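run-v2.cif follows; it contains mmCIF, C-alpha atoms.
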data_run
loop_
_atom_site.label_atom_id
_atom_site.label_comp_id
_atom_site.auth_asym_id
_atom_site.auth_seq_id
_atom_site.Cartn_x
_atom_site.Cartn_y
_atom_site.Cartn_z
CA MET A 18 -5.68 -51.95 -77.62
CA ASN A 19 -4.38 -55.49 -77.08
CA GLY A 20 -1.99 -54.48 -74.30
CA GLU A 21 -0.07 -51.88 -76.30
CA LYS A 22 -1.50 -48.73 -74.77
CA GLN A 23 0.73 -46.42 -72.75
CA GLY A 24 1.97 -47.99 -69.55
CA SER A 25 0.14 -51.24 -70.26
CA PRO A 26 1.03 -53.92 -67.67
CA VAL A 27 0.24 -56.55 -70.31
CA ARG A 28 2.95 -55.27 -72.65
CA TYR A 29 5.55 -54.72 -69.92
CA GLY A 30 4.85 -58.17 -68.48
CA GLU A 31 5.07 -59.81 -71.89
CA VAL A 32 8.44 -58.25 -72.65
CA GLY A 33 9.67 -58.99 -69.14
CA GLY A 34 8.78 -62.63 -69.65
CA GLU A 35 10.67 -62.72 -72.95
CA PHE A 36 13.67 -61.13 -71.24
CA ALA A 37 13.61 -63.74 -68.47
CA ALA A 38 13.35 -66.52 -71.05
CA ALA A 39 16.29 -65.12 -73.03
CA VAL A 40 18.47 -65.09 -69.90
CA ALA A 41 17.39 -68.58 -68.79
CA SER A 42 17.97 -70.08 -72.24
CA GLY A 43 21.55 -68.83 -72.44
CA ARG A 44 20.72 -66.66 -75.45
CA LEU A 45 22.39 -63.71 -73.71
CA ASP A 46 25.62 -65.57 -72.97
CA LEU A 47 27.36 -63.37 -75.51
CA PRO A 48 31.04 -62.74 -76.29
CA LEU A 49 32.48 -60.01 -74.09
CA PRO A 50 33.51 -56.75 -75.79
CA GLY A 51 37.06 -57.01 -77.10
CA ALA A 52 37.18 -60.80 -76.85
CA GLY A 53 37.47 -61.23 -80.60
CA ARG A 54 33.79 -61.48 -81.52
CA THR A 55 32.43 -58.05 -80.69
CA MET A 56 30.43 -57.80 -83.92
CA ARG A 57 28.69 -61.06 -83.07
CA ARG A 58 27.67 -59.49 -79.75
CA TRP A 59 26.39 -56.38 -81.49
CA GLU A 60 24.51 -58.35 -84.14
CA ALA A 61 22.65 -60.12 -81.32
CA PHE A 62 21.63 -56.71 -79.95
CA ALA A 63 20.61 -55.51 -83.42
CA SER A 64 18.48 -58.59 -84.08
CA LEU A 65 16.68 -58.17 -80.76
CA ALA A 66 16.14 -54.47 -81.45
CA GLN A 67 14.80 -55.09 -84.95
CA ARG A 68 12.12 -57.21 -83.32
CA ASP A 69 11.45 -55.15 -80.18
CA LEU A 70 13.49 -52.23 -78.84
CA SER A 71 12.16 -52.56 -75.29
CA LEU A 72 13.28 -56.17 -75.18
CA ALA A 73 16.66 -55.19 -76.65
CA ARG A 74 17.07 -52.50 -73.98
CA LEU A 75 16.64 -55.07 -71.21
CA CYS A 76 18.86 -57.67 -72.89
CA GLU A 77 21.62 -55.18 -73.71
CA GLY A 78 21.56 -53.96 -70.09
CA HIS A 79 21.95 -57.50 -68.76
CA ALA A 80 24.80 -58.29 -71.17
CA ASP A 81 26.50 -55.00 -70.30
CA ALA A 82 26.24 -55.76 -66.58
CA VAL A 83 27.84 -59.16 -67.10
CA ALA A 84 30.72 -57.52 -69.01
CA ILE A 85 31.19 -54.86 -66.32
CA LEU A 86 31.25 -57.43 -63.53
CA ALA A 87 33.89 -59.42 -65.42
CA GLU A 88 36.02 -56.34 -66.11
CA LEU A 89 35.88 -55.00 -62.52
CA ASP A 90 36.13 -58.40 -60.79
CA GLY A 91 32.66 -58.10 -59.31
CA PRO A 92 30.46 -60.94 -58.07
CA SER A 93 29.68 -63.66 -60.60
CA PRO A 94 26.02 -63.51 -61.68
CA SER A 95 24.03 -66.64 -60.93
CA PRO A 96 22.57 -68.34 -64.04
CA ASP A 97 18.98 -67.32 -63.19
CA SER A 98 19.73 -63.70 -62.28
CA ARG A 99 18.66 -60.81 -64.52
CA TRP A 100 20.78 -57.68 -64.32
CA GLY A 101 20.38 -54.05 -65.28
CA VAL A 102 22.81 -51.12 -65.37
CA TRP A 103 21.35 -48.03 -63.74
CA ALA A 104 23.91 -45.32 -64.33
CA ALA A 105 21.96 -42.31 -65.62
CA GLN A 106 22.89 -39.02 -63.97
CA PRO A 107 20.23 -36.51 -65.15
CA PRO A 108 19.28 -33.36 -63.23
CA GLY A 109 16.91 -33.97 -60.36
CA PRO A 110 16.80 -36.59 -57.59
CA SER A 111 20.05 -38.46 -56.99
CA LEU A 112 21.47 -41.42 -55.10
CA SER A 113 24.00 -41.31 -52.27
CA ALA A 114 26.24 -44.05 -50.92
CA ILE A 115 26.80 -44.05 -47.16
CA PRO A 116 29.62 -46.14 -45.71
CA GLU A 117 28.96 -48.07 -42.52
CA GLU A 118 30.86 -50.65 -40.57
CA GLY A 119 31.17 -53.70 -42.75
CA GLY A 120 29.61 -52.27 -45.90
CA TRP A 121 27.58 -49.60 -47.68
CA ARG A 122 23.98 -48.42 -47.88
CA LEU A 123 22.33 -46.46 -50.69
CA ARG A 124 19.79 -43.71 -50.05
CA GLY A 125 17.80 -41.58 -52.47
CA THR A 126 16.22 -41.95 -55.88
CA LYS A 127 17.80 -43.30 -59.06
CA GLN A 128 16.18 -42.19 -62.30
CA TYR A 129 15.71 -44.14 -65.55
CA CYS A 130 16.09 -47.67 -64.18
CA SER A 131 15.24 -50.04 -67.03
CA GLY A 132 13.87 -53.36 -65.84
CA ALA A 133 12.90 -51.91 -62.46
CA ARG A 134 10.40 -54.71 -61.81
CA VAL A 135 11.80 -57.50 -63.98
CA CYS A 136 15.50 -57.45 -63.09
CA THR A 137 16.67 -59.40 -60.05
CA HIS A 138 19.87 -57.37 -59.61
CA ALA A 139 21.35 -54.11 -60.82
CA LEU A 140 24.63 -52.25 -61.06
CA VAL A 141 23.99 -48.75 -59.78
CA THR A 142 26.12 -45.61 -59.74
CA ALA A 143 25.96 -43.45 -56.62
CA GLU A 144 27.89 -40.57 -55.12
CA ALA A 145 30.04 -41.66 -52.16
CA PRO A 146 32.07 -39.44 -49.81
CA ASP A 147 35.25 -40.39 -51.71
CA GLY A 148 33.74 -39.95 -55.18
CA PRO A 149 31.46 -41.75 -57.66
CA ARG A 150 31.18 -45.49 -57.15
CA LEU A 151 29.46 -48.49 -58.69
CA PHE A 152 27.45 -50.89 -56.54
CA ALA A 153 25.65 -54.20 -56.98
CA VAL A 154 22.21 -54.44 -55.39
CA ALA A 155 19.35 -56.92 -55.18
CA VAL A 156 16.24 -55.39 -56.74
CA GLU A 157 13.79 -57.08 -54.36
CA ALA A 158 14.71 -54.58 -51.64
CA LEU A 159 13.93 -51.55 -53.81
CA GLU A 160 10.81 -49.45 -54.33
CA PRO A 161 9.98 -48.55 -57.97
CA VAL A 162 8.17 -45.22 -58.24
CA ALA A 163 4.82 -45.86 -59.95
CA ASP A 164 3.97 -43.81 -63.05
CA SER A 165 7.46 -42.28 -63.29
CA TRP A 166 7.62 -43.17 -67.00
CA GLY A 167 5.06 -41.12 -68.91
CA ALA A 168 6.07 -41.83 -72.50
CA THR A 169 4.48 -44.22 -74.99
CA GLY A 170 7.87 -45.00 -76.51
CA MET A 171 9.90 -47.66 -74.66
CA ALA A 172 7.06 -48.10 -72.15
CA ALA A 173 7.57 -51.87 -72.14
CA SER A 174 11.22 -51.53 -71.06
CA ASP A 175 9.90 -51.13 -67.49
CA THR A 176 11.99 -47.98 -67.02
CA LEU A 177 11.03 -46.29 -63.75
CA ASP A 178 12.59 -44.19 -61.04
CA VAL A 179 13.57 -46.34 -58.06
CA PHE A 180 13.71 -45.31 -54.40
CA PHE A 181 16.50 -46.68 -52.20
CA ASP A 182 15.72 -46.67 -48.48
CA ALA A 183 19.09 -47.42 -46.88
CA VAL A 184 19.53 -50.47 -49.09
CA ARG A 185 22.62 -52.65 -48.57
CA ALA A 186 24.96 -52.59 -51.56
CA GLU A 187 28.20 -54.25 -52.58
CA PRO A 188 30.88 -52.00 -54.13
CA VAL A 189 32.14 -53.07 -57.55
CA GLY A 190 35.54 -51.77 -58.60
CA PRO A 191 37.40 -48.71 -57.25
CA VAL A 192 36.24 -45.11 -56.96
CA GLY A 193 35.59 -43.85 -60.48
CA GLY A 194 36.17 -47.34 -61.86
CA TYR A 195 32.90 -47.52 -63.78
CA VAL A 196 33.74 -44.71 -66.20
CA GLU A 197 37.54 -45.03 -66.17
CA ARG A 198 37.68 -48.66 -67.37
CA PRO A 199 38.28 -49.32 -71.11
CA GLY A 200 34.98 -51.17 -71.40
CA PHE A 201 32.98 -48.03 -70.59
CA HIS A 202 33.37 -46.78 -74.15
CA HIS A 203 33.12 -50.28 -75.64
CA GLY A 204 29.74 -50.67 -73.93
CA GLY A 205 28.61 -47.22 -75.02
CA ALA A 206 29.41 -48.09 -78.63
CA GLY A 207 27.31 -51.23 -78.27
CA VAL A 208 24.18 -49.16 -77.65
CA ALA A 209 24.51 -47.96 -81.25
CA ALA A 210 23.92 -51.55 -82.35
CA CYS A 211 20.49 -51.39 -80.70
CA TRP A 212 19.68 -48.13 -82.50
CA TYR A 213 20.78 -49.68 -85.77
CA GLY A 214 18.58 -52.72 -85.19
CA GLY A 215 15.64 -50.48 -84.35
CA ALA A 216 16.17 -48.57 -87.60
CA ARG A 217 16.22 -51.87 -89.50
CA GLY A 218 12.85 -52.68 -87.95
CA VAL A 219 11.38 -49.36 -89.08
CA ALA A 220 12.87 -49.73 -92.57
CA GLU A 221 11.40 -53.20 -92.89
CA THR A 222 7.94 -51.65 -93.30
CA LEU A 223 9.07 -49.75 -96.40
CA LEU A 224 10.95 -52.74 -97.82
CA THR A 225 7.88 -54.96 -97.40
CA ALA A 226 5.56 -52.40 -98.99
CA ALA A 227 7.88 -51.96 -101.99
CA GLY A 228 7.96 -55.73 -102.47
CA GLU A 229 4.17 -56.06 -102.41
CA ARG A 230 2.95 -53.14 -104.52
CA ASP A 231 3.94 -50.24 -106.71
CA VAL A 232 4.93 -47.59 -104.18
CA GLY A 233 6.03 -45.10 -106.84
CA PRO A 234 9.38 -43.61 -107.78
CA HIS A 235 9.64 -41.25 -104.81
CA ALA A 236 9.17 -44.04 -102.28
CA LEU A 237 11.71 -46.15 -104.19
CA ALA A 238 14.16 -43.27 -103.99
CA HIS A 239 13.67 -43.19 -100.23
CA LEU A 240 14.19 -46.96 -100.10
CA GLY A 241 17.45 -46.57 -102.01
CA ALA A 242 18.63 -43.91 -99.58
CA VAL A 243 17.61 -46.09 -96.61
CA ASP A 244 19.60 -49.00 -98.06
CA VAL A 245 22.73 -46.85 -98.36
CA ALA A 246 22.28 -45.41 -94.84
CA LEU A 247 21.80 -48.75 -93.12
CA ARG A 248 24.70 -50.35 -94.96
CA THR A 249 26.89 -47.40 -93.96
CA ALA A 250 25.87 -47.86 -90.31
CA ARG A 251 26.59 -51.58 -90.45
CA ALA A 252 30.02 -50.97 -91.97
CA ALA A 253 30.81 -48.47 -89.22
CA LEU A 254 29.74 -50.96 -86.57
CA GLN A 255 31.93 -53.66 -88.12
CA GLU A 256 34.93 -51.33 -88.27
CA ALA A 257 34.44 -50.26 -84.64
CA ALA A 258 34.05 -53.87 -83.50
CA ASP A 259 37.24 -54.87 -85.29
CA GLU A 260 39.14 -51.97 -83.69
CA ILE A 261 37.88 -52.92 -80.21
CA ASP A 262 38.91 -56.55 -80.75
CA ALA A 263 42.35 -55.39 -81.87
CA ASP A 264 42.80 -53.14 -78.80
CA PRO A 265 40.49 -54.45 -76.03
CA HIS A 266 42.32 -52.58 -73.25
CA ASP A 267 42.21 -49.32 -75.23
CA LEU A 268 45.97 -48.87 -75.10
CA LYS A 269 45.69 -46.47 -78.04
CA ASP A 270 43.25 -44.32 -76.05
CA ALA A 271 40.82 -44.32 -78.99
CA GLY A 272 37.73 -45.64 -77.19
CA ARG A 273 35.97 -42.37 -76.44
CA LEU A 274 36.54 -40.90 -79.89
CA ARG A 275 35.38 -44.14 -81.53
CA SER A 276 32.25 -44.34 -79.40
CA LEU A 277 31.29 -40.71 -80.01
CA ARG A 278 31.77 -41.07 -83.77
CA LEU A 279 29.85 -44.33 -84.00
CA LYS A 280 26.90 -43.16 -81.90
CA ALA A 281 26.67 -39.88 -83.81
CA LEU A 282 26.63 -41.69 -87.13
CA VAL A 283 24.09 -44.34 -86.14
CA GLU A 284 21.84 -41.75 -84.49
CA ALA A 285 21.85 -39.68 -87.67
CA VAL A 286 21.20 -42.76 -89.83
CA SER A 287 18.34 -43.91 -87.61
CA THR A 288 16.74 -40.47 -87.60
CA ASP A 289 17.06 -40.30 -91.39
CA VAL A 290 15.52 -43.76 -91.81
CA MET A 291 12.48 -42.86 -89.71
CA GLY A 292 11.99 -39.66 -91.68
CA ARG A 293 12.32 -41.33 -95.06
CA VAL A 294 9.97 -44.21 -94.24
CA GLY A 295 7.40 -41.71 -93.04
CA ARG A 296 7.74 -39.57 -96.17
CA ALA A 297 7.61 -42.62 -98.43
CA LEU A 298 4.51 -44.25 -96.93
CA GLY A 299 2.63 -41.39 -95.31
CA ALA A 300 0.50 -41.68 -92.19
CA GLY A 301 -0.94 -45.11 -93.01
CA PRO A 302 1.60 -47.34 -91.21
CA LEU A 303 1.77 -44.98 -88.22
CA ALA A 304 -2.01 -44.95 -87.90
CA ARG A 305 -2.91 -48.53 -88.81
CA ASP A 306 0.14 -50.71 -88.22
CA ARG A 307 0.44 -51.01 -84.45
CA ALA A 308 3.83 -52.76 -84.52
CA HIS A 309 5.32 -50.14 -86.85
CA GLY A 310 3.91 -47.27 -84.79
CA ARG A 311 5.44 -48.77 -81.66
CA ARG A 312 8.82 -49.21 -83.37
CA VAL A 313 8.87 -45.55 -84.39
CA ALA A 314 7.81 -44.38 -80.92
CA ASP A 315 10.37 -46.65 -79.23
CA LEU A 316 13.23 -45.63 -81.52
CA THR A 317 12.40 -41.93 -81.14
CA VAL A 318 12.78 -42.21 -77.37
CA TYR A 319 15.77 -44.57 -77.38
CA LEU A 320 17.77 -42.31 -79.70
CA ARG A 321 17.64 -39.55 -77.12
CA GLN A 322 20.16 -41.52 -75.14
CA HIS A 323 22.41 -39.73 -77.60
CA HIS A 324 22.96 -36.22 -76.28
CA ALA A 325 22.73 -34.54 -79.67
CA GLU A 326 24.80 -31.35 -79.96
CA ARG A 327 26.43 -31.95 -76.58
CA ASP A 328 27.94 -35.21 -77.81
CA LEU A 329 28.82 -33.64 -81.16
CA ALA A 330 30.59 -30.81 -79.33
CA ALA A 331 32.58 -33.34 -77.30
CA LEU A 332 33.51 -35.12 -80.54
CA GLY A 333 34.53 -31.84 -82.15
CA ALA A 334 36.71 -30.94 -79.19
CA LEU A 335 38.54 -34.27 -79.41
CA VAL A 336 39.06 -33.89 -83.16
CA ALA A 337 40.35 -30.34 -82.72
CA GLU A 338 42.76 -31.49 -80.01
CA GLN A 339 44.03 -34.67 -81.64
CA GLY A 340 43.63 -33.88 -85.33
CA THR A 341 42.25 -36.34 -87.83
CA VAL A 342 42.52 -37.65 -91.38
CA TRP A 343 39.48 -37.42 -93.66
#
Whole structure, C-alpha cells version:
Amino acid sequence: MNGEKQGSPVRYGEVGGEFAAAVASGRLDLPLPGAGRTMRRWEAFASLAQRDLSLARLCEGHADAVAILAELDGPSPSPDSRWGVWAAQPPGPSLSAIPEEGGWRLRGTKQYCSGARVCTHALVTAEAPDGPRLFAVAVEALEPVADSWGATGMAASDTLDVFFDAVRAEPVGPVGGYVERPGFHHGGAGVAACWYGGARGVAETLLTAAGERDVGPHALAHLGAVDVALRTARAALQEAADEIDADPHDLKDAGRLRSLRLKALVEAVSTDVMGRVGRALGAGPLARDRAHGRRVADLTVYLRQHHAERDLAALGALVAEQGTVW
C-alpha cells in the first residue's frame, strides 16, 4: 500500500525526515505566542496540517517546546535539535521523578510521546516528591515501547509509549510551572490551528470535486456550509491570536476561557466538515483516495485531544462563575 498501511515504517520515516528538514531549514523558527505575530505562527501550523496532520503534530510540538523553554528560562535548543512535548497524563502507567545528589532521574512509562524515535530531545512532565515538574531529556537514552500505537490515524506521528529507566533529566521551571505559566493556555489554543488546517485539507476534496464536475445541489449546499464553518473558525483563531498578542502575560486571566472556547469551536467545525464532505461525496474518496482517507483518519484521532463534554463542562463552569455577554 505504498507505505501508508497501519504502523508502516516507510510512512513514519518519511514524515520524520520531513520534520527534520523543516527544523534544519529554519522553517519552524516561528514567532513566539504573544510576541505580536501569533496568527502567523498559527497559520504555519494550519498550512502544515492541511498537507499532513502527522507532520504538523511533530512540528507544532517542536515549536511549542521552544516557546516553553523560552518562557521558563530553560536550556537553549541547539539548531539541529528536534524537540517534543510529552505531557499527557492519561490513566495507566505514569512517570516519576526521583531527586538525587546533583540532579534528577526519571523512572516509569510516559504515554503518547509523539516523535518518540525522531525527536532528539523532549520536555516531559513527571510527578516529583514536591509536586508535578517539567524536565528536559535527551531521547537517545530512552526506550520506545514497540507497537504501543495501534491506530491507523496519526500513525506517522511516531506516537509511542516510552520507558524511562532511571534517565537523567534537567528540571525546567519551578514545581507546577508548566501548567501555571500564561503560555500554557496560549499553546493549547495553538493546537486548534492544527485541527483547523486538517479540516481545510479534508474540505479541499469537496472543493476540488465541485470545481471539476457537477456534484449536484445537495453537495453544493454542503460546500456552502463548509465554507461558512471554516471561515468562522479562521475568524475565531484571528480574534484569539489578537487577544493573546494584546495580553501576552495573561494579566486579564482570560487565557483558559479563551482556549476552551476556541478549541470547542474548532473541534465542532472540524467534525462538521468531515461529516459534510462524507455526505456530499459518499464513500468514493474514503475508499479510493488514499490521501483523503488518511486525512480523515488522522483528523478523527487528533480531534480527540479535545476532551469533549469534559472540556465543555469546564467551559460552562467558567461562564457560570464569571458571566458573559452574548
Taking the file as I've supplied it (selection: the PyMOL selection byres ((chain A and resi 267-278) around 6)), which residues are included? Please answer as a PyMOL selection string.
chain A and resi 199+202+206+264-266+279-281
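Selection result for the displayed file, with the PyMOL selection byres ((chain A and resi 52) around 10) as criterion, is Pro48, Leu49, Pro50, Gly51, Gly53, Arg54, Thr55, Ile261, Asp262, Ala263, Asp264 and Pro265 of chain A.
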Listing only residues of stretch 199-223 of chain A within 7 Å of stretch 58-81 of chain A, what is the closest atom pair and its distance in Å (to one decimal) for each, using all atoms listed in the file, sorted by chain and residue number ascending, as a Markdown table?
| residue | atom | partner | partner_atom | distance |
| --- | --- | --- | --- | --- |
| A:Gly204 | CA | A:Asp81 | CA | 6.5 |
| A:Gly207 | CA | A:Trp59 | CA | 6.1 |
| A:Ala210 | CA | A:Ala63 | CA | 5.3 |
| A:Cys211 | CA | A:Ala63 | CA | 4.9 |
| A:Tyr213 | CA | A:Ala63 | CA | 6.3 |
| A:Gly214 | CA | A:Ala63 | CA | 3.9 |
| A:Gly215 | CA | A:Gln67 | CA | 4.7 |
| A:Arg217 | CA | A:Gln67 | CA | 5.8 |
| A:Gly218 | CA | A:Gln67 | CA | 4.3 |
Residue with smallest distance to A:Arg28 - pool A:Ala173, A:Thr341, A:Asp46, A:Leu335, counting only C-alpha atoms
A:Ala173
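For the atom pair formed by atom CA of A:Arg305 and atom CA of A:Ala226, the distance is 13.8 Å, given to one decimal.
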Measuring between only C-alpha atoms, which one of A:Gln255, A:Thr137, A:Thr317, A:Thr176 shows the shortest distance to A:Ala216?
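The answer is A:Thr317, which sits nearest to A:Ala216.
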Given the file shown, enumerate the residues that the PyMOL selection byres ((chain A and resi 323) around 8) captures and present them as a ChimeraX atom specification.
/A:280-281,284,320-322,324-325,328
With all atoms listed in the file as the counted atoms, please give the residues lying no more than 12 Å from A:Glu157, apart from itself and same-chain residues fewer than 4 positions off, as a VMD selection string.
chain A and resid 98 to 99 133 to 139 161 179 to 181 184 to 185
Test item: residues at most 12 Å from A:Asp244, only C-alpha atoms, excluding those fewer than 5 positions along its chain, as a list in words
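So, after excluding close chain neighbours, the residues are Ala216, Arg217, Ala220, Glu221, Leu223, Leu224, Leu237, Ala238, His239, Thr249, Ala250, Arg251, Val286, Ser287, Asp289, Val290, Arg293 and Val294 of chain A.
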In Å, how far is it from atom CA of A:Pro146 to atom CA of A:Ile115?
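It comes out at 7.5 Å.
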Close residues, A:Val83 itself excluded, 8 Å, all atoms listed in the file, min 4 positions apart in chain, as a ChimeraX atom specification:
/A:79,87,94,100
What is the atom CA of A:Trp166-atom CA of A:Val189 distance in Å, reported with one decimal?
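Between atom CA of A:Trp166 and atom CA of A:Val189 the gap works out to 28.1 Å.
When all atoms listed in the file are used to measure the gap to A:Leu112, the shortest distance among A:Met171, A:Ala183, A:Ala227, A:Ala153 belongs to A:Ala183.
Shortest atom-to-atom contact with A:Ser111 among A:Thr142, A:Ala236, A:Gly295, A:Gly91: A:Thr142, counting all atoms listed in the file.
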Which of these residues is nearest to A:Gly205, using only C-alpha atoms: A:Gly119, A:Asp147, A:Ala257, A:Val318?
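For A:Gly205, the nearest of the given residues is A:Ala257.
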Determine the nearest neighbour of A:Val141 from the options A:Ile85, A:Ala163, A:Leu298, A:Val243, counting all atoms listed in the file.
A:Ile85
6 Å per side around stretch 275-292 of chain A: axis-aligned box centre and edge lengths, as AutoDock Vina command-line options:
--center_x 23.7 --center_y -42.0 --center_z -85.6 --size_x 35.4 --size_y 16.7 --size_z 24.4
Neighbours of A:Val192 within 9 Å (all atoms listed in the file; same-chain residues fewer than 6 positions away dropped), as a ChimeraX atom specification?
/A:145,147-151
